[in-house]
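*Asks:* Sharing structure_38.txt (compact mmCIF, C-alpha atoms) below.
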# COMPACT_ATOMS: atom_id res chain seq x y z
CA MET A 25 0.00 0.00 0.00
CA THR A 26 1.10 3.57 -0.62
CA ALA A 27 -0.37 7.05 -0.54
CA SER A 28 -2.45 8.73 -3.19
CA PRO A 29 -1.04 11.90 -4.78
CA GLY A 30 -1.98 14.91 -2.70
CA THR A 31 -2.83 12.83 0.37
CA ASP A 32 -1.19 10.52 2.87
CA ARG A 33 -4.06 8.00 2.82
CA PRO A 34 -3.39 4.42 1.70
CA ALA A 35 -3.77 3.70 -2.02
CA PRO A 36 -3.36 0.58 -4.15
CA PRO A 37 0.13 -0.96 -4.23
CA LEU A 38 2.62 0.60 -6.63
CA GLY A 39 4.16 -1.45 -9.41
CA LEU A 40 7.88 -1.17 -10.04
CA PRO A 41 7.56 1.35 -12.90
CA ASP A 42 5.24 3.50 -10.78
CA LEU A 43 7.63 3.31 -7.84
CA ALA A 44 10.53 4.34 -10.06
CA ARG A 45 8.55 7.34 -11.34
CA LEU A 46 7.59 8.30 -7.80
CA GLN A 47 11.23 8.11 -6.68
CA LYS A 48 12.26 10.39 -9.56
CA ARG A 49 9.49 12.87 -8.75
CA THR A 50 10.38 12.85 -5.06
CA SER A 51 14.04 13.44 -5.90
CA ARG A 52 13.16 16.38 -8.16
CA VAL A 53 11.06 18.05 -5.46
CA LEU A 54 13.77 17.51 -2.84
CA MET A 55 16.40 18.84 -5.25
CA ALA A 56 14.33 21.97 -5.91
CA GLY A 57 13.95 22.47 -2.17
CA GLN A 58 17.68 22.05 -1.65
CA MET A 59 18.52 24.51 -4.43
CA LEU A 60 16.39 27.13 -2.73
CA GLY A 61 16.86 26.20 0.92
CA GLY A 62 20.57 25.68 0.34
CA LEU A 63 20.84 29.40 -0.38
CA GLY A 64 19.52 30.50 3.01
CA VAL A 65 22.20 29.15 5.34
CA PRO A 66 25.41 30.05 3.47
CA ILE A 67 24.21 33.56 2.61
CA SER A 68 24.52 34.24 6.34
CA ILE A 69 27.19 31.83 7.58
CA ALA A 70 30.16 33.84 6.30
CA LEU A 71 29.13 36.80 8.44
CA ALA A 72 28.00 34.96 11.58
CA PRO A 73 31.39 35.19 13.37
CA VAL A 74 31.73 38.85 12.35
CA LEU A 75 28.22 39.62 13.59
CA ALA A 76 28.92 37.84 16.89
CA THR A 77 32.07 39.87 17.37
CA GLU A 78 30.22 43.13 16.69
CA VAL A 79 27.36 42.35 19.07
CA SER A 80 29.47 40.84 21.89
CA GLY A 81 32.42 43.20 21.57
CA THR A 82 35.04 40.42 21.74
CA GLU A 83 36.55 38.06 19.18
CA ALA A 84 36.76 35.29 21.80
CA LEU A 85 32.98 34.81 21.44
CA SER A 86 33.00 34.93 17.64
CA GLY A 87 32.57 31.17 17.30
CA PHE A 88 29.50 31.04 19.50
CA ALA A 89 27.10 32.32 16.84
CA SER A 90 27.82 29.44 14.48
CA THR A 91 27.97 27.11 17.47
CA ALA A 92 24.48 28.18 18.58
CA SER A 93 23.22 27.39 15.08
CA VAL A 94 24.78 23.93 15.21
CA ILE A 95 23.33 23.32 18.68
CA GLY A 96 19.93 24.42 17.43
CA THR A 97 20.24 21.94 14.58
CA ALA A 98 21.04 19.24 17.12
CA LEU A 99 18.22 20.13 19.51
CA VAL A 100 15.56 19.99 16.81
CA SER A 101 16.83 16.69 15.36
CA LEU A 102 15.01 14.26 17.67
CA PRO A 103 11.70 16.18 17.83
CA LEU A 104 11.87 16.47 14.06
CA ALA A 105 12.53 12.73 13.75
CA ALA A 106 9.60 12.01 16.07
CA LEU A 107 7.30 14.22 13.99
CA MET A 108 8.46 12.59 10.77
CA THR A 109 7.97 9.14 12.26
CA ALA A 110 4.39 10.01 13.17
CA ARG A 111 3.37 12.24 10.26
CA GLY A 112 5.93 11.83 7.47
CA ARG A 113 8.79 13.82 5.97
CA ARG A 114 6.72 16.74 4.66
CA PRO A 115 5.35 18.15 7.97
CA GLY A 116 8.78 17.87 9.59
CA LEU A 117 10.59 19.69 6.79
CA VAL A 118 7.99 22.45 6.59
CA LEU A 119 8.08 23.07 10.35
CA ALA A 120 11.88 23.15 10.42
CA TYR A 121 12.08 25.75 7.66
CA GLY A 122 9.47 27.84 9.48
CA ILE A 123 11.48 27.77 12.71
CA GLY A 124 14.59 28.74 10.73
CA ALA A 125 12.78 31.78 9.32
CA VAL A 126 11.74 32.89 12.82
CA GLY A 127 15.34 32.44 13.99
CA ALA A 128 16.65 34.63 11.18
CA GLY A 129 14.24 37.35 12.26
CA LEU A 130 15.45 37.12 15.85
CA VAL A 131 19.06 37.47 14.67
CA VAL A 132 18.17 40.70 12.86
CA LEU A 133 16.45 42.03 15.98
CA ALA A 134 19.41 41.02 18.17
CA ALA A 135 21.86 42.82 15.88
CA THR A 136 19.66 45.93 15.92
CA ILE A 137 19.39 46.16 19.73
CA LYS A 138 22.89 44.71 20.39
CA SER A 139 21.69 41.73 22.47
CA PHE A 140 24.14 38.82 22.44
CA PRO A 141 21.80 36.37 24.28
CA LEU A 142 19.03 37.09 21.77
CA LEU A 143 21.54 36.61 18.95
CA LEU A 144 22.39 33.14 20.27
CA LEU A 145 18.70 32.28 20.62
CA GLY A 146 18.04 33.42 17.07
CA MET A 147 21.01 31.45 15.72
CA ALA A 148 19.78 28.34 17.56
CA ALA A 149 16.37 28.64 15.89
CA PHE A 150 18.10 29.46 12.60
CA GLY A 151 19.78 26.04 12.87
CA ALA A 152 16.43 24.31 12.34
CA ALA A 153 16.70 25.16 8.65
CA SER A 154 20.02 23.35 8.53
CA SER A 155 18.31 20.35 10.10
CA ALA A 156 15.73 20.42 7.30
CA ASN A 157 18.49 20.56 4.68
CA LEU A 158 20.19 17.57 6.31
CA GLN A 159 17.03 15.50 6.73
CA ALA A 160 16.19 15.94 3.05
CA ARG A 161 19.05 13.59 2.18
CA PHE A 162 17.38 10.78 4.11
CA ALA A 163 14.04 11.52 2.46
CA ALA A 164 15.77 10.85 -0.87
CA ALA A 165 16.75 7.37 0.33
CA ASP A 166 13.27 6.35 1.53
CA LEU A 167 12.22 4.87 -1.81
CA ALA A 168 15.66 4.12 -3.32
CA ALA A 169 16.89 0.59 -4.03
CA PRO A 170 19.60 -0.58 -1.58
CA ASP A 171 22.40 -0.47 -4.16
CA HIS A 172 21.41 3.06 -5.24
CA ARG A 173 20.93 4.66 -1.82
CA ALA A 174 24.23 6.50 -1.74
CA ARG A 175 23.57 7.98 -5.18
CA ALA A 176 20.03 8.97 -4.18
CA ILE A 177 21.41 10.75 -1.11
CA SER A 178 24.25 12.36 -3.05
CA VAL A 179 22.03 13.82 -5.77
CA VAL A 180 19.96 15.72 -3.20
CA VAL A 181 23.15 16.87 -1.45
CA TRP A 182 24.47 17.99 -4.85
CA ALA A 183 21.34 20.08 -5.45
CA SER A 184 22.50 22.43 -2.69
CA THR A 185 25.48 23.46 -4.83
CA LEU A 186 23.88 26.39 -6.66
CA GLY A 187 22.54 28.16 -3.61
CA ALA A 188 25.45 27.14 -1.41
CA VAL A 189 28.09 28.53 -3.78
CA LEU A 190 26.17 31.70 -4.54
CA GLY A 191 25.23 32.30 -0.90
CA PRO A 192 28.56 33.53 0.53
CA ASN A 193 29.12 35.75 -2.52
CA LEU A 194 25.70 37.30 -1.98
CA SER A 195 26.61 38.23 1.60
CA ALA A 196 28.19 41.53 0.64
CA PRO A 197 25.37 42.76 -1.66
CA ALA A 198 22.76 41.47 0.83
CA SER A 199 24.49 43.53 3.51
CA ARG A 200 24.63 46.64 1.32
CA SER A 201 20.94 46.34 0.51
CA PHE A 202 20.19 47.57 4.04
CA ALA A 203 22.70 50.43 4.07
CA GLY A 204 21.15 53.54 5.55
CA THR A 205 18.45 51.63 7.42
CA SER A 206 18.14 50.76 11.11
CA ILE A 207 19.22 47.19 10.31
CA PRO A 208 23.00 46.69 10.65
CA GLU A 209 24.58 45.72 7.35
CA THR A 210 26.04 42.50 8.80
CA ALA A 211 22.49 41.39 9.69
CA GLY A 212 21.09 42.08 6.21
CA PRO A 213 21.73 38.56 4.87
CA PHE A 214 19.54 37.10 7.61
CA VAL A 215 16.56 39.05 6.28
CA TRP A 216 17.03 37.42 2.91
CA ALA A 217 17.52 34.02 4.56
CA ALA A 218 14.15 34.30 6.33
CA VAL A 219 12.41 34.89 2.99
CA VAL A 220 14.24 31.96 1.41
CA PHE A 221 13.24 29.58 4.21
CA LEU A 222 9.57 30.56 3.97
CA LEU A 223 9.56 29.98 0.21
CA THR A 224 11.27 26.60 0.62
CA GLY A 225 8.76 25.47 3.23
CA ALA A 226 5.89 26.43 0.93
CA LEU A 227 7.44 24.47 -1.96
CA ILE A 228 7.82 21.32 0.16
CA ALA A 229 4.29 21.66 1.57
CA VAL A 230 2.72 21.84 -1.88
CA LEU A 231 4.83 19.44 -3.95
CA LEU A 232 6.22 16.68 -1.70
CA ARG A 233 3.17 14.43 -2.16
CA PRO A 234 2.76 11.56 -1.56
CA ASP A 235 5.09 11.54 1.41
CA PRO A 236 8.15 9.33 0.69
CA LEU A 237 8.54 7.99 4.24
CA LEU A 238 4.88 7.05 4.57
CA THR A 239 4.99 5.44 1.13
CA ALA A 240 8.10 3.41 2.01
CA ARG A 241 6.46 2.33 5.25
CA ALA A 242 3.32 1.21 3.39
CA LEU A 243 5.45 -0.82 0.97
CA ALA A 244 7.43 -2.54 3.73
CA ALA A 245 6.84 -6.15 4.74
CA PRO A 246 4.05 -6.64 7.32
CA GLU A 247 6.52 -7.57 10.07
CA GLU A 248 8.26 -4.21 9.57
CA GLN A 249 5.13 -2.11 10.08
CA THR A 250 4.88 -2.31 13.86
CA ARG A 251 4.61 0.98 15.74
CA GLU A 252 6.92 -0.33 18.46
CA GLY A 253 9.81 -0.46 16.01
CA ARG A 254 9.51 3.25 15.15
CA SER A 255 10.30 4.76 18.55
CA ILE A 256 13.47 6.61 19.51
CA ARG A 257 14.18 3.78 21.97
CA ALA A 258 13.93 1.27 19.11
CA GLY A 259 16.32 3.43 17.09
CA ILE A 260 18.88 3.44 19.90
CA ALA A 261 18.54 -0.33 20.24
CA ALA A 262 19.06 -0.74 16.49
CA VAL A 263 22.31 1.24 16.65
CA LYS A 264 23.54 -0.74 19.64
CA ALA A 265 22.86 -3.98 17.76
CA SER A 266 24.79 -2.97 14.62
CA PRO A 267 28.57 -2.28 14.58
CA ARG A 268 28.18 -0.71 11.14
CA ALA A 269 25.50 1.64 12.36
CA ARG A 270 27.87 2.76 15.12
CA LEU A 271 30.62 3.35 12.57
CA ALA A 272 28.17 5.33 10.42
CA LEU A 273 27.23 7.53 13.38
CA LEU A 274 30.89 8.14 14.20
CA THR A 275 31.67 8.94 10.57
CA VAL A 276 29.03 11.62 10.12
CA ALA A 277 29.77 13.08 13.58
CA VAL A 278 33.55 13.29 13.12
CA SER A 279 33.40 14.47 9.50
CA HIS A 280 30.93 17.20 10.41
CA THR A 281 32.75 18.27 13.58
CA THR A 282 36.13 18.52 11.84
CA MET A 283 34.62 20.51 8.99
CA VAL A 284 32.61 22.90 11.19
CA SER A 285 35.42 23.54 13.69
CA ILE A 286 37.88 24.56 10.97
CA MET A 287 35.43 26.30 8.66
CA VAL A 288 33.85 28.66 11.21
CA MET A 289 37.21 30.16 12.14
CA THR A 290 38.59 30.43 8.60
CA PRO A 291 36.99 33.85 7.90
CA MET A 292 38.68 35.21 11.03
CA ASP A 293 42.06 33.75 10.04
CA LEU A 294 41.75 35.15 6.51
CA GLY A 295 40.91 38.55 7.97
CA HIS A 296 44.01 38.41 10.17
CA HIS A 297 46.04 37.93 6.99
CA GLY A 298 44.53 40.84 5.08
CA ALA A 299 41.66 39.19 3.21
CA GLY A 300 38.61 41.35 2.48
CA LEU A 301 34.96 40.30 2.60
CA GLU A 302 34.85 39.42 -1.11
CA LEU A 303 37.87 37.12 -0.83
CA VAL A 304 36.42 35.49 2.28
CA GLY A 305 33.24 34.87 0.30
CA LEU A 306 35.19 33.27 -2.56
CA VAL A 307 37.10 30.95 -0.20
CA ILE A 308 33.91 29.88 1.55
CA SER A 309 32.23 29.39 -1.83
CA GLY A 310 35.04 27.08 -2.90
CA HIS A 311 34.67 25.19 0.36
CA ILE A 312 30.93 24.78 -0.13
CA ALA A 313 31.48 23.70 -3.74
CA GLY A 314 33.68 20.94 -2.38
CA MET A 315 30.94 19.96 0.04
CA PHE A 316 28.18 19.67 -2.53
CA ALA A 317 29.29 19.79 -6.18
CA PHE A 318 31.08 16.42 -6.16
CA SER A 319 28.63 14.53 -3.97
CA PRO A 320 27.27 12.47 -6.93
CA LEU A 321 30.81 11.16 -7.44
CA MET A 322 30.99 10.24 -3.75
CA GLY A 323 27.61 8.50 -4.01
CA TRP A 324 28.73 6.55 -7.07
CA LEU A 325 31.95 5.51 -5.34
CA ALA A 326 30.08 4.47 -2.19
CA ASP A 327 27.70 2.30 -4.23
CA ARG A 328 30.44 0.81 -6.42
CA LEU A 329 33.46 0.51 -4.12
CA GLY A 330 31.65 0.30 -0.82
CA ARG A 331 30.77 2.56 2.07
CA LEU A 332 33.91 1.66 4.06
CA SER A 333 36.29 2.55 1.23
CA VAL A 334 34.78 6.02 0.90
CA ILE A 335 34.89 6.51 4.67
CA GLY A 336 38.64 5.87 4.45
CA LEU A 337 38.86 8.35 1.58
CA ALA A 338 37.05 10.93 3.71
CA ALA A 339 39.53 10.53 6.56
CA GLY A 340 42.45 11.01 4.17
CA MET A 341 41.07 14.13 2.48
CA LEU A 342 40.08 15.78 5.75
CA SER A 343 43.57 15.18 7.14
CA VAL A 344 45.26 16.76 4.11
CA ALA A 345 42.80 19.67 4.26
CA ALA A 346 43.70 20.39 7.88
CA LEU A 347 47.41 20.29 7.02
CA LEU A 348 47.04 22.73 4.12
CA ALA A 349 44.72 25.17 5.88
CA GLY A 350 46.65 25.11 9.15
CA THR A 351 49.99 25.95 7.51
CA ALA A 352 48.74 28.44 4.88
CA GLY A 353 49.36 31.68 6.79
CA PRO A 354 49.13 34.61 4.33
CA ASN A 355 49.00 32.24 1.33
CA HIS A 356 45.33 32.66 0.46
CA GLY A 357 45.56 30.20 -2.44
CA GLN A 358 46.68 27.44 -0.09
CA SER A 359 43.89 28.35 2.31
CA ALA A 360 41.38 28.10 -0.50
CA LEU A 361 42.71 24.68 -1.55
CA GLY A 362 42.61 23.44 2.04
CA LEU A 363 39.02 24.61 2.48
CA PHE A 364 38.01 23.01 -0.82
CA LEU A 365 39.45 19.66 0.30
CA LEU A 366 37.78 20.12 3.68
CA GLY A 367 34.44 20.32 1.88
CA LEU A 368 35.28 17.36 -0.35
CA GLY A 369 36.20 15.20 2.64
CA TRP A 370 32.98 16.21 4.39
CA SER A 371 31.02 15.14 1.30
CA ALA A 372 32.69 11.72 1.24
CA GLY A 373 32.04 11.16 4.94
CA MET A 374 28.48 12.45 4.90
CA VAL A 375 27.31 10.50 1.84
CA SER A 376 28.99 7.21 2.72
CA GLY A 377 28.10 7.48 6.42
CA SER A 378 24.45 8.34 5.71
CA ALA A 379 24.10 5.45 3.26
CA LEU A 380 25.77 3.00 5.66
CA LEU A 381 23.47 4.14 8.46
CA THR A 382 20.35 3.57 6.34
CA ASP A 383 21.68 0.16 5.26
CA SER A 384 22.43 -0.96 8.79
CA VAL A 385 19.10 -0.59 10.63
CA PRO A 386 15.57 -1.98 10.06
CA GLN A 387 13.13 0.13 8.02
CA PRO A 388 10.79 1.02 10.94
CA ALA A 389 13.67 2.44 13.00
CA ARG A 390 15.33 4.43 10.21
CA ALA A 391 13.67 7.81 10.82
CA ALA A 392 14.48 7.62 14.54
CA VAL A 393 18.07 6.54 13.87
CA GLN A 394 18.51 9.29 11.28
CA GLY A 395 17.32 11.85 13.83
CA LEU A 396 19.71 10.37 16.38
CA SER A 397 22.49 10.69 13.81
CA ASP A 398 21.81 14.38 13.23
CA LEU A 399 21.57 14.96 16.99
CA THR A 400 24.93 13.26 17.55
CA MET A 401 26.80 14.97 14.75
CA ASN A 402 25.47 18.45 15.48
CA THR A 403 26.01 18.17 19.23
CA ALA A 404 29.60 17.14 18.57
CA ALA A 405 30.02 19.93 16.02
CA GLY A 406 28.48 22.41 18.44
CA VAL A 407 31.08 21.55 21.06
CA GLY A 408 33.77 21.70 18.39
CA GLY A 409 32.61 25.09 17.15
CA ALA A 410 32.56 26.52 20.66
CA ALA A 411 36.03 25.16 21.37
CA ALA A 412 37.26 26.46 18.02
CA GLY A 413 36.87 30.09 19.07
CA VAL A 414 38.76 29.48 22.29
CA ILE A 415 41.56 27.52 20.57
CA MET A 416 41.79 30.20 17.89
CA SER A 417 42.15 33.03 20.40
CA GLN A 418 44.57 31.18 22.69
CA ALA A 419 46.71 29.02 20.40
CA GLY A 420 46.01 30.07 16.83
CA TYR A 421 44.48 28.68 13.65
CA GLY A 422 47.27 26.15 13.05
CA TRP A 423 46.63 24.38 16.35
CA LEU A 424 42.90 24.41 15.63
CA ASN A 425 43.54 22.44 12.44
CA ALA A 426 45.81 20.02 14.29
CA VAL A 427 43.10 19.30 16.84
CA GLY A 428 40.55 18.84 14.05
CA ALA A 429 42.80 16.33 12.30
CA SER A 430 43.30 14.34 15.50
CA LEU A 431 39.55 13.68 15.67
CA LEU A 432 39.84 11.59 12.51
CA LEU A 433 42.03 8.91 14.07
CA PRO A 434 39.27 6.91 15.85
CA MET A 435 37.04 7.10 12.75
CA ALA A 436 39.77 5.70 10.50
CA ALA A 437 40.70 3.01 13.04
CA LEU A 438 37.11 1.82 13.47
CA ALA A 439 36.56 1.74 9.70
CA LEU A 440 39.65 -0.42 9.27
CA PHE A 441 38.58 -2.73 12.09
CA THR A 442 35.07 -3.05 10.65
CA ALA A 443 36.39 -3.82 7.16
CA ARG A 444 38.59 -6.62 8.53
CA ARG A 445 35.76 -7.97 10.66
CA ARG A 446 33.28 -8.33 7.75
CA PRO A 447 35.39 -9.00 4.60
CA ALA A 448 32.54 -10.90 2.93
CA ASP A 449 30.44 -7.73 2.57
CA PRO A 450 32.88 -5.16 1.13
CA LYS A 451 30.26 -2.69 0.01
CA GLY A 452 28.27 -2.64 3.18
CA VAL A 453 25.01 -2.67 1.20
CA SER A 454 22.00 -4.44 2.60
CA SER A 455 18.28 -4.20 2.18
Just give me the structure as C-alpha cells.
*Replies:*
Amino acid sequence: MTASPGTDRPAPPLGLPDLARLQKRTSRVLMAGQMLGGLGVPISIALAPVLATEVSGTEALSGFASTASVIGTALVSLPLAALMTARGRRPGLVLAYGIGAVGAGLVVLAATIKSFPLLLLGMAAFGAASSANLQARFAAADLAAPDHRARAISVVVWASTLGAVLGPNLSAPASRSFAGTSIPETAGPFVWAAVVFLLTGALIAVLLRPDPLLTARALAAPEEQTREGRSIRAGIAAVKASPRARLALLTVAVSHTTMVSIMVMTPMDLGHHGAGLELVGLVISGHIAGMFAFSPLMGWLADRLGRLSVIGLAAGMLSVAALLAGTAGPNHGQSALGLFLLGLGWSAGMVSGSALLTDSVPQPARAAVQGLSDLTMNTAAGVGGAAAGVIMSQAGYGWLNAVGASLLLPMAALALFTARRRPADPKGVSS
C-alpha cells in the first residue's frame, strides 16, 4: 500500500515502474527544495562570526554564533525525527524551515538592539533550517533501491550546490541592501535568509506528495510495520545492535565536527592575513562547492566501491585539508585549496556514512536513527565550534587544524577494524 497523490491516505500498491517514477518525482522536489533552501544558510554563515564579534564586543565569542546554530540543529533533530515518524517527511521539513525563518528574524532584531543572548537564541532557531536541509538527504533514500541509496542521497546533497556557492558571494550585496536603514549591514543577509526559508517550506508543503517515508512504510513487509519499532528507543537499540551503524554515526559526527570547527574560524584567520569580505566569500564558496558539487561522485563511489572505502577516503582528504589550511598563513591560495578539500572530505564522509546508516538498521527504525544521527553529529560539532573560538584566540588557527585532524584517528581506526571484521560484505550494502 502507498499514498495517493496529494494525500497521505493508503492507495493501491505501486508497481515497479510507478515506484521508479515516484522516486524520480520525489528526488526532483527535494532537489528543488535544496537549491532554494541551500541558499539561506550560506548567505549568512560567512558573516555569523563577524556579527557575533560586533554584538558581543570580543573576538573570543565569535565562534559562539555558528555554534548556537549547530546546537539548534542538534536540539531539533530528535523532535523532528519524532514528527516525521508520526506524520511523514513533509510536515517535519515544513516546520523546520518555518522555525529557521523565525530564527533569522530574531538574529536581525538582536543585531539591531545589540543583544548577544538574543543573537544566540536566534542562531539556535536558525539552525532548524540546517536540520531540514540535512534531513532531506534521508528523504531521498526512503524509496531508493539498496544499491542506489548512496547515489540517491548524493544527488539531493548535490542540489544544494547552486545556492550554497552563490550564498557567501551574496553576503556583501545582501548587507549593502540595508545600508542607511536601522538594520546593521552585517544582519542584512539574515533578512534574505528568512524569505528563502519561507519559500522553501511552501514548496515542500505543496509538492512533496505523496510523502516518501509514509509510502516506504506502506510498501514494507508486514513484520516491519509495527509501531513499536519506530520509537526513539527502538532506534537506539538498532544502533547498539549494529557495529556498522555505530561506525556510520561516528563517521558523520567526526566528518561534520572537523569541517565545522575549521570552517567557522577560517573567515577570522583570513581577515588576520589581510583578506577582504569578497575574498572570504570566494574561499567559503570554494569550500561549499567541495561539500556539494562532487557529492554524486561520492555516491557513485560508495555504491560501487563500498561505504567503508569512501569513509577511508574521507579521513584522508580531511587530514590533508587540515594540514594545508593550518599551515597556509598569508597564502590565500593554499587556504582556498585546504578549504576546498575540507568540503570534499565532508562530502565523502556524509554521503557514505548516511548510506551506511540507512543500510544498517531496520526500516521502521530508520527515521528515529537518522534523527539520532543528526543529533549526535550536530552536538559534537556544536562543542567543536565553541572550542574552536577558544583555541583560535589562545593558540592560533594552526593548532585548531591540528586538533581537528586528531579527531579523525578513531574514525579511521574503526573503519579499518570493521572492514577486517566483515570482509565478505565489502560494500556494506543491505536491504
*Asks:* Take CA of Ser86 in chain A and CA of Thr282 in chain A and report the distance between them in Å, one decimal.
*Replies:*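 The value is 17.7 Å.
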*Asks:* Go through A:Ser397, A:Ser68, A:Ser319, A:Thr351 and flag the residue nearest Ala426 in chain A, using only C-alpha atoms for the distances.
*Replies:*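 The closest residue to Ala426 in chain A is A:Thr351.
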*Asks:* Find the residue from A:Leu222, A:Ala412, A:Met341, A:Ala135 that sits nearest to Ala120 in chain A; use all atoms listed in the file when measuring.
*Replies:*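 Nearest candidate to Ala120 in chain A out of A:Leu222, A:Ala412, A:Met341, A:Ala135: A:Leu222.
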*Asks:* Is it possible to get the residues within 10 Å of (15.5, 20.2, -2.4) (coordinates as in the file, counting all atoms listed in the file) written as a list of chain:residue names?
*Replies:*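 Residues lying no farther than 10 Å from the given point: A:Thr50, A:Ser51, A:Arg52, A:Val53, A:Leu54, A:Met55, A:Ala56, A:Gly57, A:Gln58, A:Met59, A:Leu60, A:Gly61, A:Gly62, A:Ala156, A:Asn157, A:Ala160, A:Arg161, A:Ala164, A:Val179, A:Val180, A:Val181, A:Trp182, A:Ala183, A:Ser184, A:Thr224, A:Leu227, A:Ile228, A:Leu232.
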*Asks:* How many Å separate CA of Leu303 in chain A from CA of Ile95 in chain A?
*Replies:* 28.0 Å
*Asks:* By how many Å are CA of Ile123 in chain A and CA of Ser139 in chain A apart?
*Replies:*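 If I compute the distance from CA of Ile123 in chain A to CA of Ser139 in chain A, I get 19.9 Å.
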*Asks:* I need the residue nearest Gly350 in chain A from this list: A:Val307, A:Ala338, A:Val230, A:Val427. Use only C-alpha atoms for the distance.
*Replies:*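 Closest to Gly350 in chain A, using only C-alpha atoms: A:Val427.
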*Asks:* Find the residues near Ala163 in chain A: any atom within 7 Å, counting all atoms listed in the file, skip ones fewer than 2 places away on the same chain, and give them as a ChimeraX atom specification.
*Replies:* /A:113,159-161,165-166,236-237
*Asks:* May I have the protein, DNA and RNA residues with an atom at most 7 Å from (35.6, 12.2, 6.6), counting all atoms listed in the file in the file's coordinates, returned as a list in words?
*Replies:*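 Answer for this query, in the requested form: Thr275, Val278, Ser279, Ile335, Ala338, Ala339, Leu342, Gly369, Trp370, Ala372 and Gly373 of chain A.
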